[in-house]
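Everything below concerns the one structure shown next.
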Amino acid sequence: MSRLDVFINRMVSQRACIDFAAQNTAGMTGPVFELGLGNGRTYDHLREVISGRDIYVFEREVASNPASTPPGDRTILGDVFETLPQALERFGPAASFIHADLGGHNLKKNDEFARNISPYVEPLLAKGGLMVSSDRMYFDGLQEIDLPPDAVPGRCFIYRKQ
Ligand code: SAM
């Protein structure tokens with residue numbers, strides 16, 4: 001499988017999982033958290049498919065396309081290891097949907113990062129909420145659920161808080 005194939009699978013899976021999670025949390029009112037703005041493509045998609053819920057973006061340095069840059073009062077700047085505990089104090093366990101795409105090209109580093117950040121993400125999710133990640137996460141209390149049909153196994157993961 002070429003790197004192009006892997007990239008396409010990741011993009012298709014991100015969209016399928018975001019659409020699935022947006023639909024399956026539509027009845028919830030808690031905020032949506034986007035972890036890792038990057039270029040802003042997934043943030044832009046979240047804006048398209050989420051209505052009636054605030055979307056907060058966590059990013060250490062904003063460098064997104066101007067067309068998909070979140071408003072300042074919805075941007076939580078800094079390292080997620082510091083900003084996620086602050087968000088827990090501010091919002092409590094209220095997020096209806098958390099999408100994380102914080103990794104880079106080094107799969108081993110991504111896995112280590114996912115392992116370390118998982119305990120910071122888990123308490124933010126509300127009961128019934130969904131968490132979508134491009135990397136496998138390491139949660140104690142969240143349940144991994146089946147992917148929607150369009151997603152490619154291993155390119156995206158979905159977890160639910162019961
Ligand atoms: N989903 C985005 C898109 O569609 O354009 C791409 C996200 S990009 C792969 C990952 C982003 O996560 C980068 O912008 C990086 O700065 C951010 N990031 C990585 N580690 C972080 C950390 N510890 N704290 C805050 N942001 C971080």
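Ligands are numbered from 1 in the order shown, chains are lettered A, B, ... in the order of the structure tokens, and residues start at 1 in each chain.
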
What parts of stretch 14-118 of chain A does DSSP call strand (DSSP E or B)? I'd like the answer as a VMD selection string.
chain A and resid 32 to 35 55 to 59 75 to 77 95 to 100

Please produce a file of the residues just selected, as a compact mmCIF listing (two decimals), in the first residue's frame, where the atoms kept are C-alpha atoms.
```txt
# COMPACT_ATOMS: atom_id res chain seq x y z
CA VAL A 32 -17.52 19.52 20.83
CA PHE A 33 -13.73 19.52 21.24
CA GLU A 34 -11.32 19.42 18.29
CA LEU A 35 -7.83 18.42 19.50
CA ILE A 55 -16.94 23.76 18.97
CA TYR A 56 -13.73 24.47 20.89
CA VAL A 57 -10.35 23.90 19.26
CA PHE A 58 -7.22 22.94 21.20
CA GLU A 59 -3.95 23.78 19.45
CA THR A 75 -9.58 28.58 20.46
CA ILE A 76 -7.81 27.11 23.46
CA LEU A 77 -4.13 27.80 22.87
CA ALA A 95 -18.13 17.14 26.00
CA SER A 96 -20.60 15.38 23.70
CA PHE A 97 -17.99 14.65 21.04
CA ILE A 98 -14.19 14.85 21.09
CA HIS A 99 -12.19 14.51 17.87
CA ALA A 100 -8.42 14.11 18.16
```

Per-residue nearest contacts of chain A to ligand 1 (6 Å; only C-alpha atoms and all ligand atoms) as a Markdown table:
```
| residue | atom | partner | partner_atom_place_in_ligand_line | distance |
| --- | --- | --- | --- | --- |
| A:Gly36 | CA | ligand 1 | 12 (O) | 3.5 |
| A:Leu37 | CA | ligand 1 | 2 (C) | 4.9 |
| A:Gly38 | CA | ligand 1 | 14 (O) | 3.3 |
| A:Asn39 | CA | ligand 1 | 5 (O) | 3.5 |
| A:Gly40 | CA | ligand 1 | 5 (O) | 4.0 |
| A:Arg41 | CA | ligand 1 | 4 (O) | 3.7 |
| A:Thr42 | CA | ligand 1 | 4 (O) | 3.9 |
| A:Glu59 | CA | ligand 1 | 26 (N) | 3.8 |
| A:Arg60 | CA | ligand 1 | 25 (C) | 3.9 |
| A:Glu61 | CA | ligand 1 | 16 (O) | 5.8 |
| A:Gly78 | CA | ligand 1 | 25 (C) | 5.6 |
| A:Asp79 | CA | ligand 1 | 24 (N) | 3.5 |
| A:Val80 | CA | ligand 1 | 24 (N) | 4.0 |
| A:Asp101 | CA | ligand 1 | 1 (N) | 5.0 |
| A:Leu102 | CA | ligand 1 | 12 (O) | 3.8 |
| A:Gly103 | CA | ligand 1 | 9 (C) | 5.3 |
| A:Gly104 | CA | ligand 1 | 9 (C) | 5.6 |
```

Got a sec: who's within 7 Å of A:Asp150, counting only C-alpha atoms, leaving out chain neighbours fewer than 2 positions off, as a PyMOL selection string?
chain A and resi 13+16+148+152

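Atom CA of A:Ser118 lies 22.1 Å from atom CA of A:Met11.
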
Which of A:Met131, A:Arg47, A:Lys161, A:Val121 sits closest to A:Leu147 [using only C-alpha atoms]:
A:Met131

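Note that atom CA of A:Met28 and atom CA of A:Ala151 are 23.4 Å apart.
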
Between A:Phe20, A:Arg155, A:Ala126, A:Pro119, which has the minimum distance to A:Asp140 (counting only C-alpha atoms)?
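Of the candidates, the smallest distance to A:Asp140 is held by A:Pro119.
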
Extract the full set of helix (DSSP H, G or I) residues from stretch 46-155 of chain A according to DSSP on the backbone, and format it as an MDAnalysis selection string.
chainID A and resid 46:49 66:68 72:74 80:91 107:124

Of the listed residues A:Leu107, A:Leu125, A:Ile18, A:Ile117, that which approaches A:Cys156 most closely, counting only C-alpha atoms:
A:Ile18

Near A:Glu89, counting only C-alpha atoms, which residues have an atom at most 12 Å away, once you skip same-chain residues fewer than 6 positions from it, shown as a compact mmCIF listing (two decimals) with C-alpha atoms, in the first residue's frame?
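As a result, out.txt now contains:
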```txt
# COMPACT_ATOMS: atom_id res chain seq x y z
CA GLU A 82 -1.88 21.80 30.20
CA THR A 83 -5.08 22.94 28.47
CA TYR A 120 -6.37 13.67 30.09
CA PRO A 123 -12.67 12.60 32.01
CA LEU A 124 -13.83 15.36 29.63
```
